[in-house]
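Engineer: Pasting a structure here, questions to come.
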Amino acid sequence: MSLTSHLKDPRSPISRFLAEHLPDTKAVLADYRTRLARFPAPLRPQVETGLKPEYRMLGHTIDHRLRISLGAPTGAPIKEGIVRAVIDDDGWPSQEVIRAVQKAGDTMLEELAGYHNDAGQPLCLASADEDRLIRLCHVASSFEAIFRHCGWLRGNTLGLCAADATLDDLVDAVPDYVVGDIRQQMQLAADHGPFENMRLLPASARVCGPVFDGSLQVGGADADFILDGALIDCKATIRPERISRAEIYQLAGYLLLDYSDTHAISTVALYLSRQGALIDWSVEDFLNLLGGRHELPALRDACRHTLTDGRHGNPLPPLDPSRPLPRPRSAPAAQQSLF
C-alpha cells in the first residue's frame, strides 16, 4: 500500500495520527483556494471527440518530464516496474509480450540515461526531440504503473503491443494528444512557472522522487520533488478547486515521515502544472493552519512511535497550557486591550 492508500483508510495509523494531531485541513484548504483564485484557468488536453484522456497517466508523464528538466531521467519505480513486468494478471499479457515489453524497457532506460545531467535539461527541447522525449516519458509511466500495482493491471497499454514489439513501436503507439498536452504544460513551466529557476539550482539542492525514514512503514512512500528545501507535490488536475483533505494530508505525511530531518524541509507546496502555479507554505505556517499544538520534531517522533507500534520514537508530551493556540497567518491582528 502507498501513502495515499493508507490515507484513504481512516482507520490506518497514519490517518488516525494526522486527524488527531493536525485536524484543521479546512484552514489550509481555505488559504489554498484564496490564492488559487489569482491564477488562470487550467489548460486542458485537446482530444478527438469521443476520446477520454487518461488523466492519471498524463499526471505521471508530466512528472517524469519535469524530472528530466531537473537532471533525473529515471528512478526506482520505473526500473522496478520493468522487473515486475514478469508478474502477469492471470495469464495477461502473454509471456511473449512480457519479454518484448521488458526488452523495450531496458532499451528505454538506456535512452533516458542520456538525459542525465547534473546541470538539468531545458524545459522545452527542439520539436522532434521534445516529441520523442514526451513519448518516452509516457511509456515510462506505464512501467511505473506496473510497479505501483506490483504487476500488470488489465488496461495497461503496454500489454496490448505485439509479441515482437520494440521500443519504437511502444513510442509510436503513444496518442498524439498526450504529446500536445505535455508540450503545453512544459511551455507553461518554461514561460510563467517556477521551474526555470528550480532547474538552475545546484544539483545537491534538487531531489527527485525522495524517500523518507518512515517510507517503508506506509508502503514505500516517495514524493515528487524536494527543491532547495521545498517539498513539492505536482498535480496535473483540470479541477484544482477540488484539491481536498487527502492532498493536504499527503504533504503532511511526507513531512512527518522525514523523522531525522534528512531533507531539511522548510516549505511544503503544491505545483499545479496546468496553471504553472506554485502554492506553498512555510512548515511553521502549514502546521499552524492544520491546528498543530506541537513542534515538528515532536510530531515526527510521535508519528514514528505510532507507526512502529511503540518500538521507536516517543508519544507526544503533554501540552503546555501556557502556550497559545497557533494563529493562521491570515488571521486579523489580535486585539491587545479593550481600551
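Chain labels run A, B, ... following the order of the C-alpha cells; each chain numbers its residues from 1, and ligands are numbered from 1 in the order shown.
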Using only C-alpha atoms, find each residue in segment 203-282 of chain A having at least one atom no more than 12 Å away from segment 3-24 of chain A; report its shortest atom-to-atom pair and that distance in Å (one decimal), rows by chain then rising number, as a tab-separated table.
Structural biologist:
```
residue	atom	partner	partner_atom	distance
A:Val211	CA	A:Leu3	CA	11.4
A:Phe212	CA	A:Leu3	CA	11.6
A:Gly214	CA	A:Leu3	CA	10.5
A:Ser215	CA	A:Leu3	CA	8.1
A:Leu216	CA	A:Leu3	CA	9.5
A:Gln217	CA	A:Leu3	CA	9.0
A:Val218	CA	A:Leu3	CA	5.4
A:Gly219	CA	A:Leu3	CA	6.3
A:Gly220	CA	A:Leu3	CA	7.5
A:Ala221	CA	A:Leu3	CA	5.4
A:Asp222	CA	A:Leu3	CA	8.4
A:Ala223	CA	A:Leu3	CA	9.6
A:Ser244	CA	A:Asp24	CA	12.0
A:Arg245	CA	A:Asp24	CA	9.2
A:Ala246	CA	A:Leu7	CA	6.9
A:Glu247	CA	A:Thr4	CA	8.6
A:Ile248	CA	A:Asp24	CA	10.2
A:Tyr249	CA	A:Leu18	CA	7.3
A:Gln250	CA	A:Thr4	CA	6.7
A:Leu251	CA	A:Leu3	CA	10.2
A:Ala252	CA	A:Leu18	CA	7.9
A:Gly253	CA	A:Ile14	CA	7.6
A:Tyr254	CA	A:Leu3	CA	8.5
A:Leu255	CA	A:Leu18	CA	11.4
A:Leu256	CA	A:Leu18	CA	9.6
A:Leu257	CA	A:Ile14	CA	9.9
```
Engineer: Residues as selected, C-alpha atoms, written as a PDB file, in the first residue's frame, can you do that?
Structural biologist:
```
ATOM      1  CA  VAL A 211      12.016   8.704   0.098  1.00  0.00           C
ATOM      2  CA  PHE A 212      11.945   9.137   3.863  1.00  0.00           C
ATOM      3  CA  GLY A 214       9.421   6.186   7.585  1.00  0.00           C
ATOM      4  CA  SER A 215       8.570   5.394   3.956  1.00  0.00           C
ATOM      5  CA  LEU A 216       8.530   1.616   4.377  1.00  0.00           C
ATOM      6  CA  GLN A 217       6.072   1.906   7.268  1.00  0.00           C
ATOM      7  CA  VAL A 218       3.455   3.275   4.852  1.00  0.00           C
ATOM      8  CA  GLY A 219       4.145   1.126   1.819  1.00  0.00           C
ATOM      9  CA  GLY A 220       7.289   2.764   0.450  1.00  0.00           C
ATOM     10  CA  ALA A 221       6.164   6.389   0.146  1.00  0.00           C
ATOM     11  CA  ASP A 222       8.075   8.560  -2.316  1.00  0.00           C
ATOM     12  CA  ALA A 223       7.283  12.210  -3.018  1.00  0.00           C
ATOM     13  CA  SER A 244      -9.048  18.191  -0.779  1.00  0.00           C
ATOM     14  CA  ARG A 245      -8.065  16.919   2.642  1.00  0.00           C
ATOM     15  CA  ALA A 246      -6.342  13.923   1.014  1.00  0.00           C
ATOM     16  CA  GLU A 247      -3.798  16.066  -0.851  1.00  0.00           C
ATOM     17  CA  ILE A 248      -3.084  18.177   2.235  1.00  0.00           C
ATOM     18  CA  TYR A 249      -2.532  15.092   4.374  1.00  0.00           C
ATOM     19  CA  GLN A 250      -0.295  13.646   1.671  1.00  0.00           C
ATOM     20  CA  LEU A 251       2.034  16.639   2.113  1.00  0.00           C
ATOM     21  CA  ALA A 252       1.774  16.381   5.899  1.00  0.00           C
ATOM     22  CA  GLY A 253       2.518  12.666   5.776  1.00  0.00           C
ATOM     23  CA  TYR A 254       5.699  13.130   3.753  1.00  0.00           C
ATOM     24  CA  LEU A 255       6.779  15.911   6.097  1.00  0.00           C
ATOM     25  CA  LEU A 256       6.327  13.781   9.223  1.00  0.00           C
ATOM     26  CA  LEU A 257       7.957  10.672   7.729  1.00  0.00           C
TER      27      LEU A 257
END
```
Engineer: At a cut-off of 9 Å, using only C-alpha atoms, what residues contact segment 173-177 of chain A? Leave out same-chain residues fewer than 5 positions from it and give the result as an MDAnalysis selection string.
Structural biologist: chainID A and resid 45:48 53 135:136 138:139 157 161 168 182
Engineer: Output the selection as a JSON list (two decimals), in the first residue's frame - C-alpha atoms for each residue.
Structural biologist:
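The result, stored in out11.json:
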```json
[["chain", "number", "residue", "atom", "x", "y", "z"],
["A", 45, "PRO", "CA", -5.88, 18.21, -23.13],
["A", 46, "GLN", "CA", -7.10, 18.55, -26.70],
["A", 47, "VAL", "CA", -8.61, 15.21, -27.70],
["A", 48, "GLU", "CA", -10.73, 13.93, -30.53],
["A", 53, "PRO", "CA", -8.00, 11.39, -21.74],
["A", 135, "ARG", "CA", 6.53, 9.71, -25.67],
["A", 136, "LEU", "CA", 9.36, 8.05, -23.74],
["A", 138, "HIS", "CA", 4.61, 8.23, -21.22],
["A", 139, "VAL", "CA", 5.98, 4.74, -21.81],
["A", 157, "THR", "CA", -1.49, -0.22, -22.88],
["A", 161, "CYS", "CA", 1.55, -4.50, -28.01],
["A", 168, "ASP", "CA", 9.99, 2.39, -31.22],
["A", 182, "ILE", "CA", 2.54, 17.66, -22.08]]
```
Engineer: Using only C-alpha atoms, pick whichever of A:Asp63, A:Val97, A:Arg274, A:Glu284 has the shortest atom-to-atom distance to Asp233 of chain A.
Structural biologist: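 For Asp233 of chain A, the nearest of the given residues is A:Asp63.
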Engineer: Any idea what the distance is between atom CA of Ile146 of chain A and atom CA of Leu125 of chain A?
Structural biologist: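 The value is 28.4 Å.
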Engineer: Which residue, A:Ala140, A:Ala277, A:Leu307, A:Leu289, has the smallest gap to Arg38 of chain A when you use only C-alpha atoms?
Structural biologist: A:Ala277
Engineer: I'd like the contact shell of Arg65 of chain A - 9 Å cut-off, only C-alpha atoms, skipping same-chain residues fewer than 6 positions apart - returned as a list in words.
Structural biologist: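 Surrounding residues, per the criterion: Pro73, Leu123, Leu133, Ile134, Cys137, His138, Ile182 and Met186 of chain A.
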Engineer: Next, dump the selected residues to file, keeping only N, CA, C and O atoms, as a PDB file, in the first residue's frame.
Structural biologist:
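Listed below is the output, again.pdb:
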```
ATOM      1  N   PRO A  73      16.421  11.581 -15.098  1.00  0.00           N
ATOM      2  CA  PRO A  73      15.514  10.981 -16.093  1.00  0.00           C
ATOM      3  C   PRO A  73      14.883   9.661 -15.688  1.00  0.00           C
ATOM      4  O   PRO A  73      13.874   9.258 -16.259  1.00  0.00           O
ATOM      5  N   LEU A 123      13.566  23.072 -20.339  1.00  0.00           N
ATOM      6  CA  LEU A 123      12.174  22.704 -20.142  1.00  0.00           C
ATOM      7  C   LEU A 123      11.473  22.405 -21.458  1.00  0.00           C
ATOM      8  O   LEU A 123      10.475  21.686 -21.482  1.00  0.00           O
ATOM      9  N   LEU A 133      10.871  12.632 -26.502  1.00  0.00           N
ATOM     10  CA  LEU A 133      11.064  12.561 -25.059  1.00  0.00           C
ATOM     11  C   LEU A 133       9.735  12.425 -24.320  1.00  0.00           C
ATOM     12  O   LEU A 133       9.617  11.645 -23.364  1.00  0.00           O
ATOM     13  N   ILE A 134       8.724  13.158 -24.750  1.00  0.00           N
ATOM     14  CA  ILE A 134       7.410  13.047 -24.111  1.00  0.00           C
ATOM     15  C   ILE A 134       6.857  11.642 -24.262  1.00  0.00           C
ATOM     16  O   ILE A 134       6.311  11.053 -23.310  1.00  0.00           O
ATOM     17  N   CYS A 137       8.580   9.389 -21.881  1.00  0.00           N
ATOM     18  CA  CYS A 137       8.068   9.613 -20.524  1.00  0.00           C
ATOM     19  C   CYS A 137       6.739   8.903 -20.315  1.00  0.00           C
ATOM     20  O   CYS A 137       6.453   8.377 -19.228  1.00  0.00           O
ATOM     21  N   HIS A 138       5.899   8.895 -21.344  1.00  0.00           N
ATOM     22  CA  HIS A 138       4.605   8.234 -21.219  1.00  0.00           C
ATOM     23  C   HIS A 138       4.776   6.724 -21.129  1.00  0.00           C
ATOM     24  O   HIS A 138       4.082   6.060 -20.334  1.00  0.00           O
ATOM     25  N   ILE A 182       1.319  17.484 -22.873  1.00  0.00           N
ATOM     26  CA  ILE A 182       2.538  17.657 -22.079  1.00  0.00           C
ATOM     27  C   ILE A 182       3.356  18.829 -22.626  1.00  0.00           C
ATOM     28  O   ILE A 182       3.952  19.599 -21.852  1.00  0.00           O
ATOM     29  N   MET A 186       4.647  21.924 -20.336  1.00  0.00           N
ATOM     30  CA  MET A 186       6.063  22.264 -20.230  1.00  0.00           C
ATOM     31  C   MET A 186       6.315  23.701 -20.686  1.00  0.00           C
ATOM     32  O   MET A 186       7.164  24.401 -20.125  1.00  0.00           O
TER      33      MET A 186
END
```
Engineer: Residues near Thr267 of chain A, anyone? I mean within 10 Å using only C-alpha atoms, not counting same-chain ones fewer than 4 positions away, as a list in words.
Structural biologist: Ile226, Leu227, Asp228, Gly229, Ala230, Leu231, Ile232, Leu255, Asp280, Trp281, Ser282, Val283, Glu284, Asp285 and Phe286 of chain A
Engineer: From a DSSP calculation on the backbone, collect every residue of segment 148-237 of chain A in helix (DSSP H, G or I) and output the set as an NGL selection string.
Structural biologist: :A and (148 or 157-160 or 167-172 or 176-191 or 195-199 or 203-205 or 215-218)
Engineer: Neighbours of Glu144 of chain A within 6 Å (only C-alpha atoms; same-chain residues fewer than 2 positions away dropped), as number ranges by chain?
Structural biologist: A: 77-78, 81, 141-142, 146-147
Engineer: Output C-alpha atoms for every residue in that selection, as a compact mmCIF listing (two decimals), in the first residue's frame.
Structural biologist:
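Listing of again15.txt after writing:
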```txt
# COMPACT_ATOMS: atom_id res chain seq x y z
CA PRO A 77 9.73 3.00 -9.72
CA ILE A 78 10.46 2.86 -13.46
CA GLY A 81 8.38 -1.68 -13.00
CA SER A 141 4.72 5.97 -16.81
CA SER A 142 3.23 2.66 -17.90
CA ILE A 146 3.28 -1.88 -13.12
CA PHE A 147 5.48 -1.03 -10.14
```
Engineer: What does the distance between atom CA of Arg132 of chain A and atom CA of Cys150 of chain A come to in Å, to one decimal place?
Structural biologist: 27.4 Å
Engineer: How many Å lie between atom CA of Ala162 of chain A and atom CA of Ala100 of chain A, rounded to one decimal?
Structural biologist: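 We find that atom CA of Ala162 of chain A and atom CA of Ala100 of chain A lie 8.1 Å from each other.
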Engineer: Taking only C-alpha atoms into account, which of A:Gln185, A:Asn117, A:Gln275, A:Thr49 comes nearest Ala203 of chain A?
Structural biologist: A:Asn117
Engineer: Could you pull the residues within 12 Å of Ala298 of chain A, counting only C-alpha atoms, minus those fewer than 3 positions along the same chain, as an mmCIF file with C-alpha atoms, in the first residue's frame?
Structural biologist:
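After the write, around.cif holds the following:
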```
data_model
loop_
_atom_site.group_PDB
_atom_site.id
_atom_site.type_symbol
_atom_site.label_atom_id
_atom_site.label_comp_id
_atom_site.auth_asym_id
_atom_site.auth_seq_id
_atom_site.Cartn_x
_atom_site.Cartn_y
_atom_site.Cartn_z
ATOM 1 C CA HIS A 21 -2.876 15.974 15.870
ATOM 2 C CA LEU A 256 6.327 13.781 9.223
ATOM 3 C CA TYR A 259 11.989 11.545 11.050
ATOM 4 C CA SER A 260 15.652 12.570 11.110
ATOM 5 C CA ASP A 261 15.156 15.761 9.064
ATOM 6 C CA GLY A 292 -0.814 21.600 15.301
ATOM 7 C CA ARG A 293 -0.063 22.102 19.006
ATOM 8 C CA HIS A 294 3.438 20.626 18.961
ATOM 9 C CA GLU A 295 6.699 21.423 17.193
ATOM 10 C CA ASP A 301 8.898 11.384 16.902
ATOM 11 C CA ALA A 302 5.312 10.661 17.894
ATOM 12 C CA CYS A 303 4.380 9.658 14.345
ATOM 13 C CA ARG A 304 7.271 7.195 14.353
ATOM 14 C CA HIS A 305 6.080 5.870 17.735
ATOM 15 C CA GLY A 313 10.090 7.191 18.942
ATOM 16 C CA ASN A 314 8.109 8.667 21.804
ATOM 17 C CA PRO A 315 4.484 9.683 22.342
ATOM 18 C CA LEU A 316 3.685 13.365 22.336
ATOM 19 C CA PRO A 317 4.394 15.176 25.593
ATOM 20 C CA PRO A 318 1.527 16.839 27.492
ATOM 21 C CA LEU A 319 0.566 20.212 26.082
#
```
Engineer: Hey, what does DSSP flag as strand (DSSP E) within segment 73-319 of chain A? Can you give it to me as a list in words?
Structural biologist: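 Assigned to strand (DSSP E), within segment 73-319 of chain A: Arg206, Val207, Cys208, Phe225, Ile226, Leu227, Ala230, Leu231, Ile232, Asp233, Cys234, Lys235, Thr267, Val268, Ala269, Leu270, Tyr271, Leu272, Ala277, Leu278, Ile279, Asp280, Trp281 and Ser282 of chain A.
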